[in-house]
file query-v6.cif (mmCIF, C-alpha atoms)
data_run
#
loop_
_atom_site.label_atom_id
_atom_site.label_comp_id
_atom_site.auth_asym_id
_atom_site.auth_seq_id
_atom_site.Cartn_x
_atom_site.Cartn_y
_atom_site.Cartn_z
CA MET A 5 -12.09 -76.23 -29.74
CA ASP A 6 -13.81 -72.89 -29.13
CA SER A 7 -12.74 -70.37 -31.82
CA ASP A 8 -12.73 -67.52 -29.27
CA LEU A 9 -10.25 -69.46 -27.16
CA LEU A 10 -8.07 -70.02 -30.23
CA ILE A 11 -8.17 -66.29 -30.99
CA LEU A 12 -7.01 -65.62 -27.42
CA VAL A 13 -4.14 -68.09 -27.89
CA ALA A 14 -3.28 -66.34 -31.17
CA ARG A 15 -3.22 -62.95 -29.41
CA ILE A 16 -0.85 -64.35 -26.79
CA LEU A 17 1.45 -65.88 -29.41
CA LEU A 18 1.38 -62.74 -31.55
CA MET A 19 2.41 -60.58 -28.59
CA ALA A 20 4.93 -62.92 -26.90
CA LEU A 21 7.94 -61.47 -28.73
CA PHE A 22 6.88 -57.89 -28.00
CA VAL A 23 6.30 -58.50 -24.29
CA MET A 24 9.77 -60.06 -23.97
CA THR A 25 11.62 -57.39 -25.95
CA GLY A 26 9.64 -54.60 -24.30
CA TRP A 27 10.57 -55.97 -20.88
CA GLN A 28 14.25 -56.13 -21.90
CA LYS A 29 14.08 -52.51 -23.06
CA LEU A 30 12.30 -51.44 -19.87
CA THR A 31 14.78 -53.13 -17.54
CA GLY A 32 17.76 -52.04 -19.62
CA PHE A 33 16.63 -48.53 -20.51
CA ALA A 34 20.11 -47.01 -20.68
CA GLY A 35 21.27 -49.75 -23.04
CA THR A 36 18.17 -49.28 -25.16
CA VAL A 37 18.85 -45.55 -25.47
CA GLY A 38 22.48 -46.33 -26.34
CA TYR A 39 21.38 -48.74 -29.06
CA MET A 40 18.95 -46.18 -30.45
CA LYS A 41 21.74 -43.58 -30.53
CA ALA A 42 24.08 -46.01 -32.29
CA THR A 43 21.50 -46.73 -34.99
CA GLY A 44 20.89 -43.03 -35.60
CA VAL A 45 17.33 -42.87 -34.30
CA PRO A 46 16.30 -39.26 -33.69
CA ALA A 47 15.48 -38.42 -30.04
CA PRO A 48 16.76 -41.79 -28.81
CA ALA A 49 15.44 -41.48 -25.24
CA LEU A 50 11.97 -40.61 -26.51
CA ALA A 51 12.14 -43.39 -29.11
CA ALA A 52 13.14 -45.86 -26.38
CA PHE A 53 10.25 -44.72 -24.20
CA VAL A 54 7.73 -45.05 -27.06
CA SER A 55 9.11 -48.49 -27.93
CA ILE A 56 8.68 -49.65 -24.35
CA VAL A 57 5.13 -48.34 -24.10
CA ILE A 58 4.12 -50.05 -27.32
CA GLU A 59 6.11 -53.27 -27.07
CA PHE A 60 5.45 -53.99 -23.42
CA PHE A 61 2.34 -52.18 -22.23
CA PHE A 62 0.29 -52.19 -25.45
CA ALA A 63 1.22 -55.84 -26.04
CA ILE A 64 -0.11 -56.75 -22.61
CA GLY A 65 -3.22 -54.74 -23.48
CA ILE A 66 -3.79 -56.84 -26.59
CA VAL A 67 -3.30 -60.07 -24.64
CA LEU A 68 -5.73 -58.97 -21.93
CA GLY A 69 -8.21 -57.57 -24.42
CA ILE A 70 -7.98 -53.87 -23.62
CA TYR A 71 -9.04 -52.08 -26.82
CA PRO A 72 -7.33 -54.79 -28.87
CA ARG A 73 -8.48 -53.54 -32.30
CA THR A 74 -7.18 -50.02 -31.64
CA LEU A 75 -3.92 -51.29 -30.19
CA ALA A 76 -3.52 -53.68 -33.13
CA TRP A 77 -3.69 -50.75 -35.57
CA ILE A 78 -1.07 -48.86 -33.52
CA PHE A 79 1.08 -51.99 -33.61
CA VAL A 80 0.69 -52.24 -37.40
CA ALA A 81 2.16 -48.75 -37.79
CA PHE A 82 4.89 -49.45 -35.23
CA THR A 83 5.85 -52.79 -36.77
CA LEU A 84 5.94 -51.45 -40.33
CA GLY A 85 7.89 -48.40 -39.18
CA THR A 86 10.38 -50.60 -37.38
CA ALA A 87 10.77 -52.74 -40.49
CA LEU A 88 11.44 -49.71 -42.70
CA LEU A 89 13.69 -47.82 -40.27
CA GLY A 90 15.41 -50.60 -38.38
CA HIS A 91 15.88 -53.40 -40.91
CA ARG A 92 16.99 -51.68 -44.11
CA PHE A 93 18.52 -54.84 -45.57
CA TRP A 94 18.74 -53.25 -49.03
CA THR A 95 21.59 -51.04 -47.74
CA MET A 96 23.62 -53.98 -46.39
CA GLN A 97 25.81 -56.82 -47.56
CA GLY A 98 26.58 -60.36 -46.45
CA GLU A 99 25.34 -61.83 -43.18
CA LYS A 100 24.02 -58.50 -41.91
CA ARG A 101 21.88 -58.19 -45.05
CA HIS A 102 20.45 -61.68 -44.58
CA GLU A 103 19.71 -61.11 -40.87
CA ASN A 104 17.94 -57.82 -41.57
CA PHE A 105 16.11 -59.32 -44.57
CA LEU A 106 14.64 -61.96 -42.25
CA ASN A 107 13.76 -59.40 -39.56
CA PHE A 108 12.20 -57.06 -42.14
CA PHE A 109 9.90 -59.77 -43.45
CA LYS A 110 9.21 -61.06 -39.93
CA ASN A 111 7.86 -57.59 -39.17
CA ILE A 112 5.83 -57.59 -42.39
CA SER A 113 4.34 -60.97 -41.43
CA ILE A 114 3.53 -59.79 -37.90
CA ALA A 115 1.85 -56.71 -39.37
CA GLY A 116 -0.33 -59.06 -41.42
CA GLY A 117 -1.40 -60.89 -38.29
CA LEU A 118 -2.12 -57.60 -36.56
CA ILE A 119 -4.26 -56.40 -39.47
CA LEU A 120 -6.18 -59.67 -39.28
CA LEU A 121 -6.72 -59.14 -35.54
CA ALA A 122 -7.88 -55.55 -36.09
CA VAL A 123 -10.30 -56.50 -38.87
CA ALA A 124 -11.61 -59.86 -37.65
CA GLY A 125 -11.68 -58.88 -34.00
CA PRO A 126 -10.29 -60.23 -30.73
CA GLY A 127 -13.00 -62.79 -29.98
CA ARG A 128 -15.14 -62.69 -26.87
CA TYR A 129 -12.31 -62.82 -24.31
CA VAL A 130 -11.73 -59.10 -23.84
CA LEU A 131 -11.73 -56.78 -20.84
CA ILE A 132 -12.54 -53.42 -22.44
CA GLY A 133 -13.64 -52.58 -25.99
CA ASN A 134 -13.17 -54.73 -29.02
#
call {"tool": "encode", "arguments": {"input": "query-v6.cif", "output": "C-alpha cells"}}
result
Amino acid sequence: MDSDLLILVARILLMALFVMTGWQKLTGFAGTVGYMKATGVPAPALAAFVSIVIEFFFAIGIVLGIYPRTLAWIFVAFTLGTALLGHRFWTMQGEKRHENFLNFFKNISIAGGLILLAVAGPGRYVLIGN
C-alpha cells in the first residue's frame, strides 16, 4: 500500500477523537463552559473557545492537510497541557485516579504521534503547506 495513503489514514485516526470531542464542545458550548468552571479552569469561556478551535477546527485542518506540521506542534502543546492540567491523577484516589491516569498517558501517547507527524511530515496528501 502507498505510504502516503497510510500517513493520511494515520492523520484521520489521530484526529478522530478530537473532531468528535470538539464537535460536542461546539454544540454544547454552555455545558463546556460549565465543565471548565467546575474544574477551576481560568477564563472558562475563553478556554472553551480555544478548546473548540483546536480540537475541532485544527483537527480538521490536520486531516485535510492544511499546515499539518504547524498544527501538529500546536496540538502537542495543547495535548500536553491538557494532560498536566486536566488529568492530575497524582492528586486523586481510587477509580478517579485510575481513570485520570489512563487519560493522562493517552494524552502523552497522542502527543508522541503528533510529534512524529510534525517531524516526519504529512505525506503528499495535503492542501496547503506541509
call {"tool": "residues_near_point", "arguments": {"input": "query-v6.cif", "point": "(-11.0, -67.1, -25.2)", "cutoff": "10 Å", "atoms": "all atoms listed in the file", "output": "count of residues only"}}
result
16
call {"tool": "closest_residue", "arguments": {"input": "query-v6.cif", "among": "A:Tyr39, A:Trp94, A:Phe22, A:Trp77", "to": "Leu121 of chain A", "atoms": "only C-alpha atoms"}}
result
A:Trp77
call {"tool": "atom_distance", "arguments": {"input": "query-v6.cif", "atom1": "atom CA of Phe109 of chain A", "atom2": "atom CA of Phe82 of chain A"}}
result
14.1 Å
call {"tool": "atom_distance", "arguments": {"input": "query-v6.cif", "atom1": "atom CA of Lys29 of chain A", "atom2": "atom CA of Gly125 of chain A"}}
result
28.7 Å
call {"tool": "residues_around", "arguments": {"input": "query-v6.cif", "residues": "Ile66 of chain A", "least_positions_apart": "4", "cutoff": "9 Å", "atoms": "only C-alpha atoms", "output": "PyMOL selection string"}}
result
chain A and resi 15-16+19+61-62+70-73+75-76+126+130
call {"tool": "write_last_selection", "arguments": {"input": "query-v6.cif", "atoms": "C-alpha atoms", "output": "PDB file, in the frame of the given file"}}
result
ATOM      1  CA  ARG A  15      -3.220 -62.950 -29.410  1.00  0.00           C
ATOM      2  CA  ILE A  16      -0.850 -64.350 -26.790  1.00  0.00           C
ATOM      3  CA  MET A  19       2.410 -60.580 -28.590  1.00  0.00           C
ATOM      4  CA  PHE A  61       2.340 -52.180 -22.230  1.00  0.00           C
ATOM      5  CA  PHE A  62       0.290 -52.190 -25.450  1.00  0.00           C
ATOM      6  CA  ILE A  70      -7.980 -53.870 -23.620  1.00  0.00           C
ATOM      7  CA  TYR A  71      -9.040 -52.080 -26.820  1.00  0.00           C
ATOM      8  CA  PRO A  72      -7.330 -54.790 -28.870  1.00  0.00           C
ATOM      9  CA  ARG A  73      -8.480 -53.540 -32.300  1.00  0.00           C
ATOM     10  CA  LEU A  75      -3.920 -51.290 -30.190  1.00  0.00           C
ATOM     11  CA  ALA A  76      -3.520 -53.680 -33.130  1.00  0.00           C
ATOM     12  CA  PRO A 126     -10.290 -60.230 -30.730  1.00  0.00           C
ATOM     13  CA  VAL A 130     -11.730 -59.100 -23.840  1.00  0.00           C
TER      14      VAL A 130
END
call {"tool": "closest_residue", "arguments": {"input": "query-v6.cif", "among": "A:Ala20, A:Ile56, A:Ile119, A:Met5", "to": "Val37 of chain A", "atoms": "all atoms listed in the file"}}
result
A:Ile56
call {"tool": "closest_residue", "arguments": {"input": "query-v6.cif", "among": "A:Thr95, A:Phe60, A:Val45, A:Met40", "to": "Gln28 of chain A", "atoms": "all atoms listed in the file"}}
result
A:Phe60
call {"tool": "atom_distance", "arguments": {"input": "query-v6.cif", "atom1": "atom CA of His102 of chain A", "atom2": "atom CA of Thr25 of chain A"}}
result
21.1 Å
call {"tool": "build_atoms", "arguments": {"input": "query-v6.cif", "residues": "segment 24-56 of chain A", "atoms": "N, CA and C atoms", "output": "PDB file, keeping the file's coordinate frame"}}
result
ATOM      1  N   MET A  24       8.396 -59.749 -24.386  1.00  0.00           N
ATOM      2  CA  MET A  24       9.770 -60.060 -23.970  1.00  0.00           C
ATOM      3  C   MET A  24      10.746 -58.944 -24.334  1.00  0.00           C
ATOM      4  N   THR A  25      10.676 -58.438 -25.568  1.00  0.00           N
ATOM      5  CA  THR A  25      11.620 -57.390 -25.950  1.00  0.00           C
ATOM      6  C   THR A  25      11.293 -56.067 -25.265  1.00  0.00           C
ATOM      7  N   GLY A  26      10.016 -55.805 -25.042  1.00  0.00           N
ATOM      8  CA  GLY A  26       9.640 -54.600 -24.300  1.00  0.00           C
ATOM      9  C   GLY A  26      10.152 -54.645 -22.875  1.00  0.00           C
ATOM     10  N   TRP A  27      10.064 -55.818 -22.244  1.00  0.00           N
ATOM     11  CA  TRP A  27      10.570 -55.970 -20.880  1.00  0.00           C
ATOM     12  C   TRP A  27      12.083 -55.761 -20.850  1.00  0.00           C
ATOM     13  N   GLN A  28      12.792 -56.320 -21.834  1.00  0.00           N
ATOM     14  CA  GLN A  28      14.250 -56.130 -21.900  1.00  0.00           C
ATOM     15  C   GLN A  28      14.592 -54.648 -22.053  1.00  0.00           C
ATOM     16  N   LYS A  29      13.834 -53.946 -22.875  1.00  0.00           N
ATOM     17  CA  LYS A  29      14.080 -52.510 -23.060  1.00  0.00           C
ATOM     18  C   LYS A  29      13.767 -51.733 -21.781  1.00  0.00           C
ATOM     19  N   LEU A  30      12.697 -52.114 -21.105  1.00  0.00           N
ATOM     20  CA  LEU A  30      12.300 -51.440 -19.870  1.00  0.00           C
ATOM     21  C   LEU A  30      13.343 -51.630 -18.778  1.00  0.00           C
ATOM     22  N   THR A  31      13.819 -52.843 -18.611  1.00  0.00           N
ATOM     23  CA  THR A  31      14.780 -53.130 -17.540  1.00  0.00           C
ATOM     24  C   THR A  31      16.218 -52.758 -17.911  1.00  0.00           C
ATOM     25  N   GLY A  32      16.446 -52.485 -19.173  1.00  0.00           N
ATOM     26  CA  GLY A  32      17.760 -52.040 -19.620  1.00  0.00           C
ATOM     27  C   GLY A  32      17.654 -50.743 -20.399  1.00  0.00           C
ATOM     28  N   PHE A  33      16.955 -49.776 -19.803  1.00  0.00           N
ATOM     29  CA  PHE A  33      16.630 -48.530 -20.510  1.00  0.00           C
ATOM     30  C   PHE A  33      17.866 -47.827 -21.044  1.00  0.00           C
ATOM     31  N   ALA A  34      18.901 -47.713 -20.235  1.00  0.00           N
ATOM     32  CA  ALA A  34      20.110 -47.010 -20.680  1.00  0.00           C
ATOM     33  C   ALA A  34      20.721 -47.692 -21.901  1.00  0.00           C
ATOM     34  N   GLY A  35      20.759 -49.002 -21.886  1.00  0.00           N
ATOM     35  CA  GLY A  35      21.270 -49.750 -23.040  1.00  0.00           C
ATOM     36  C   GLY A  35      20.396 -49.568 -24.269  1.00  0.00           C
ATOM     37  N   THR A  36      19.097 -49.499 -24.056  1.00  0.00           N
ATOM     38  CA  THR A  36      18.170 -49.280 -25.160  1.00  0.00           C
ATOM     39  C   THR A  36      18.411 -47.917 -25.794  1.00  0.00           C
ATOM     40  N   VAL A  37      18.574 -46.896 -24.956  1.00  0.00           N
ATOM     41  CA  VAL A  37      18.850 -45.550 -25.470  1.00  0.00           C
ATOM     42  C   VAL A  37      20.183 -45.557 -26.215  1.00  0.00           C
ATOM     43  N   GLY A  38      21.177 -46.230 -25.675  1.00  0.00           N
ATOM     44  CA  GLY A  38      22.480 -46.330 -26.340  1.00  0.00           C
ATOM     45  C   GLY A  38      22.368 -46.995 -27.704  1.00  0.00           C
ATOM     46  N   TYR A  39      21.592 -48.053 -27.779  1.00  0.00           N
ATOM     47  CA  TYR A  39      21.380 -48.740 -29.060  1.00  0.00           C
ATOM     48  C   TYR A  39      20.683 -47.818 -30.047  1.00  0.00           C
ATOM     49  N   MET A  40      19.676 -47.096 -29.571  1.00  0.00           N
ATOM     50  CA  MET A  40      18.950 -46.180 -30.450  1.00  0.00           C
ATOM     51  C   MET A  40      19.885 -45.088 -30.976  1.00  0.00           C
ATOM     52  N   LYS A  41      20.763 -44.586 -30.097  1.00  0.00           N
ATOM     53  CA  LYS A  41      21.740 -43.580 -30.530  1.00  0.00           C
ATOM     54  C   LYS A  41      22.651 -44.159 -31.607  1.00  0.00           C
ATOM     55  N   ALA A  42      23.142 -45.378 -31.366  1.00  0.00           N
ATOM     56  CA  ALA A  42      24.080 -46.010 -32.290  1.00  0.00           C
ATOM     57  C   ALA A  42      23.457 -46.263 -33.668  1.00  0.00           C
ATOM     58  N   THR A  43      22.155 -46.487 -33.703  1.00  0.00           N
ATOM     59  CA  THR A  43      21.500 -46.730 -34.990  1.00  0.00           C
ATOM     60  C   THR A  43      21.012 -45.454 -35.649  1.00  0.00           C
ATOM     61  N   GLY A  44      21.231 -44.308 -35.005  1.00  0.00           N
ATOM     62  CA  GLY A  44      20.890 -43.030 -35.600  1.00  0.00           C
ATOM     63  C   GLY A  44      19.433 -42.625 -35.468  1.00  0.00           C
ATOM     64  N   VAL A  45      18.737 -43.232 -34.522  1.00  0.00           N
ATOM     65  CA  VAL A  45      17.330 -42.870 -34.300  1.00  0.00           C
ATOM     66  C   VAL A  45      17.272 -41.466 -33.717  1.00  0.00           C
ATOM     67  N   PRO A  46      16.425 -40.597 -34.281  1.00  0.00           N
ATOM     68  CA  PRO A  46      16.300 -39.260 -33.690  1.00  0.00           C
ATOM     69  C   PRO A  46      15.625 -39.345 -32.316  1.00  0.00           C
ATOM     70  N   ALA A  47      16.020 -38.464 -31.414  1.00  0.00           N
ATOM     71  CA  ALA A  47      15.480 -38.420 -30.040  1.00  0.00           C
ATOM     72  C   ALA A  47      15.495 -39.825 -29.429  1.00  0.00           C
ATOM     73  N   PRO A  48      16.682 -40.399 -29.238  1.00  0.00           N
ATOM     74  CA  PRO A  48      16.760 -41.790 -28.810  1.00  0.00           C
ATOM     75  C   PRO A  48      16.074 -42.106 -27.480  1.00  0.00           C
ATOM     76  N   ALA A  49      16.114 -41.213 -26.518  1.00  0.00           N
ATOM     77  CA  ALA A  49      15.440 -41.480 -25.240  1.00  0.00           C
ATOM     78  C   ALA A  49      13.922 -41.525 -25.430  1.00  0.00           C
ATOM     79  N   LEU A  50      13.401 -40.602 -26.219  1.00  0.00           N
ATOM     80  CA  LEU A  50      11.970 -40.610 -26.510  1.00  0.00           C
ATOM     81  C   LEU A  50      11.587 -41.852 -27.309  1.00  0.00           C
ATOM     82  N   ALA A  51      12.403 -42.195 -28.296  1.00  0.00           N
ATOM     83  CA  ALA A  51      12.140 -43.390 -29.110  1.00  0.00           C
ATOM     84  C   ALA A  51      12.152 -44.647 -28.241  1.00  0.00           C
ATOM     85  N   ALA A  52      13.088 -44.715 -27.285  1.00  0.00           N
ATOM     86  CA  ALA A  52      13.140 -45.860 -26.380  1.00  0.00           C
ATOM     87  C   ALA A  52      11.887 -45.927 -25.519  1.00  0.00           C
ATOM     88  N   PHE A  53      11.458 -44.779 -25.014  1.00  0.00           N
ATOM     89  CA  PHE A  53      10.250 -44.720 -24.200  1.00  0.00           C
ATOM     90  C   PHE A  53       9.021 -45.186 -24.991  1.00  0.00           C
ATOM     91  N   VAL A  54       8.868 -44.669 -26.214  1.00  0.00           N
ATOM     92  CA  VAL A  54       7.730 -45.050 -27.060  1.00  0.00           C
ATOM     93  C   VAL A  54       7.782 -46.550 -27.363  1.00  0.00           C
ATOM     94  N   SER A  55       8.974 -47.056 -27.663  1.00  0.00           N
ATOM     95  CA  SER A  55       9.110 -48.490 -27.930  1.00  0.00           C
ATOM     96  C   SER A  55       8.678 -49.331 -26.741  1.00  0.00           C
ATOM     97  N   ILE A  56       9.051 -48.912 -25.560  1.00  0.00           N
ATOM     98  CA  ILE A  56       8.680 -49.650 -24.350  1.00  0.00           C
ATOM     99  C   ILE A  56       7.166 -49.618 -24.143  1.00  0.00           C
TER     100      ILE A  56
END
